[in-house]
Amino acid sequence: MAKFVVPFALFLLLGVFLFIGLQRDPSYVPSPLIGKPAPQFSLPSLQDAAYPVSSQELLGQPWVLNVWGTWCGGCRQEHDTLLAIARQKTVPIVGLNWKDDNALAQQWLRDLGNPYAVVAEDREGRTAIDWGVYGAPETFLIGADGVVLFKHIAPMTMEVWNKEFLPRIEASRAATGSQS
Amino acid sequence: MIPTVLRASLVAVLLVLAGTAHAIDAEDAFDDPVLQERYENINRELRCLVCQNQTIADSNATLAQDLRREVRDMIAAGQTDAQIREFMIERYGDFVLYRPRMTAGNFLLWAAPVLLLLIGAVVLVRVVRRRAQESDLDADGPEAGQS
């Protein structure tokens, strides 16, 4: 009897591990940036190339960086959610327009509405590499102290916003004592 | 006659295709063959994050092109292979490496084959000894020779 208990227990344990493995998304790559200072950038604004968008200007408040492109289907999918989030006026949403056509991107914002406080144009994709971006849409949360707090890799939903972003924004505000 | 012609043209087509299969990069990144070899070797070690089972040398995804450009620029700027790998790990994590490093987190995975072999050896030795003892007892027992 006892002869079979040990192999059977090991078999069950293996089964549990394999079952957990089934629930995980193999295309999800955890970001090594979480808990580290956000990579800095200074890029031309999408709407006016003469006006640079610098990550330094955003220090002192929590903010969101949303990586998007007109070629990206998931970005279209999340656009209404971003507009709804922008209407809450909780934190500024900064857009990173990734390897896109300037005219198409501007047209997209005119047609669908503009949820962004400002949009930086990353035509070459170098800033995206600095941020470890591999598949749009990706949305980062950066704390008031300039540290990356969270990264969401998929179209943004209200559920993710309420569950993952809002509590971290509150915590970041509480930690630095900045007002909303 | 015709099959021979067909076969010859098929071979020709395949040869042409075989040439393009390696030509993800339209042309060499470096004139210097040493730098070009380093460039190709590093590209073969880095994972394309969007097409996860390909290296950036094998993939023509936009991200792979961008990462190859990054590798090329860093080699041209005189960075070492280790610095380039570190650059990629800082941004994309260990997963970007096709040959994973041993870390505290995955040590058990690396050690597992050796550990399993040791466990197997211990079990084997114990079983063999027990059986040897049992057969010794049988041999020394009062009924020896009767069974």
# chains A, B, ... in the order shown; residues from 1 in each chain; ligands from 1
>>> residues_around(residues="Trp108 (chain A)", least_positions_apart="2", cutoff="12 Å", atoms="only C-alpha atoms", output="PyMOL selection string")
chain A and resi 46-47+68-72+75-76+79+97+100-106+110-115
>>> interface_residues(of="chain A", to="chain B", cutoff="10 Å", atoms="only C-alpha atoms", output="CSV table (one decimal) with C-alpha atoms, in the first residue's frame")
chain,number,residue,atom,x,y,z
A,26,PRO,CA,3.4,32.2,-22.4
A,27,SER,CA,3.5,35.4,-24.4
A,28,TYR,CA,3.5,37.5,-21.3
A,29,VAL,CA,7.1,38.7,-20.5
A,30,PRO,CA,7.4,40.3,-17.1
A,31,SER,CA,9.1,43.7,-17.2
A,32,PRO,CA,12.5,44.0,-15.4
A,33,LEU,CA,11.7,47.8,-15.2
A,39,PRO,CA,13.8,55.4,-18.7
A,99,LYS,CA,6.7,53.5,-35.2
A,124,GLU,CA,12.5,55.1,-34.8
A,125,GLY,CA,11.3,52.9,-31.9
A,126,ARG,CA,14.4,53.6,-29.8
A,128,ALA,CA,10.2,51.9,-27.0
A,129,ILE,CA,13.2,49.6,-26.8
A,130,ASP,CA,14.5,51.6,-23.7
A,131,TRP,CA,11.1,50.8,-22.1
A,132,GLY,CA,11.3,47.1,-23.1
A,133,VAL,CA,8.2,47.4,-25.2
A,134,TYR,CA,7.5,44.4,-27.5
A,135,GLY,CA,3.9,44.5,-28.4
>>> atom_distance(atom1="CA of Ala132 (chain B)", atom2="CA of Leu115 (chain B)")
25.7 Å
>>> atom_distance(atom1="CA of Tyr51 (chain A)", atom2="CA of Leu109 (chain A)")
17.9 Å
>>> closest_residue(among="A:Asp80, A:Asp122, A:Glu138, A:Asp25", to="Val67 (chain A)", atoms="only C-alpha atoms")
A:Glu138
>>> atom_distance(atom1="CA of Arg44 (chain B)", atom2="CA of Val71 (chain B)")
11.4 Å
>>> closest_residue(among="A:Leu13, A:Val118, A:Leu43, A:Ile169", to="Val91 (chain A)", atoms="only C-alpha atoms")
A:Ile169
>>> select_by_dssp(residues="chain B", states="strand (DSSP E or B)", output="VMD selection string")
chain B and resid 46 to 47 55 97
>>> select_by_dssp(residues="region 60-154 of chain A", states="helix (DSSP H, G or I)", output="ChimeraX atom specification")
/A:73-88,102-112,126-130
>>> write_last_selection(atoms="C-alpha atoms", output="compact mmCIF listing (two decimals), in the first residue's frame")
# COMPACT_ATOMS: atom_id res chain seq x y z
CA GLY A 73 -5.63 46.49 -33.49
CA GLY A 74 -5.56 46.22 -29.70
CA CYS A 75 -5.00 49.98 -29.50
CA ARG A 76 -8.26 50.60 -31.33
CA GLN A 77 -9.93 48.16 -28.98
CA GLU A 78 -8.77 50.00 -25.85
CA HIS A 79 -9.27 53.52 -27.18
CA ASP A 80 -12.73 54.08 -25.67
CA THR A 81 -11.46 52.84 -22.30
CA LEU A 82 -8.57 55.32 -22.46
CA LEU A 83 -11.04 58.11 -23.24
CA ALA A 84 -13.15 57.10 -20.23
CA ILE A 85 -10.05 57.02 -18.01
CA ALA A 86 -8.95 60.43 -19.29
CA ARG A 87 -12.36 61.86 -18.38
CA GLN A 88 -11.73 60.82 -14.76
CA ASN A 102 2.51 61.06 -38.25
CA ALA A 103 -0.45 62.01 -40.46
CA LEU A 104 -2.28 58.74 -39.80
CA ALA A 105 -1.72 59.09 -36.05
CA GLN A 106 -3.06 62.65 -35.98
CA GLN A 107 -6.05 61.57 -38.06
CA TRP A 108 -6.73 58.73 -35.60
CA LEU A 109 -6.86 61.18 -32.68
CA ARG A 110 -9.16 63.54 -34.60
CA ASP A 111 -11.51 60.70 -35.59
CA LEU A 112 -11.61 58.73 -32.34
CA ARG A 126 14.37 53.61 -29.75
CA THR A 127 12.45 54.92 -26.76
CA ALA A 128 10.17 51.89 -27.00
CA ILE A 129 13.24 49.63 -26.75
CA ASP A 130 14.45 51.58 -23.70
>>> closest_residue(among="B:Leu108, B:Leu118, B:Ala76, B:Leu10", to="Tyr39 (chain B)", atoms="only C-alpha atoms")
B:Ala76
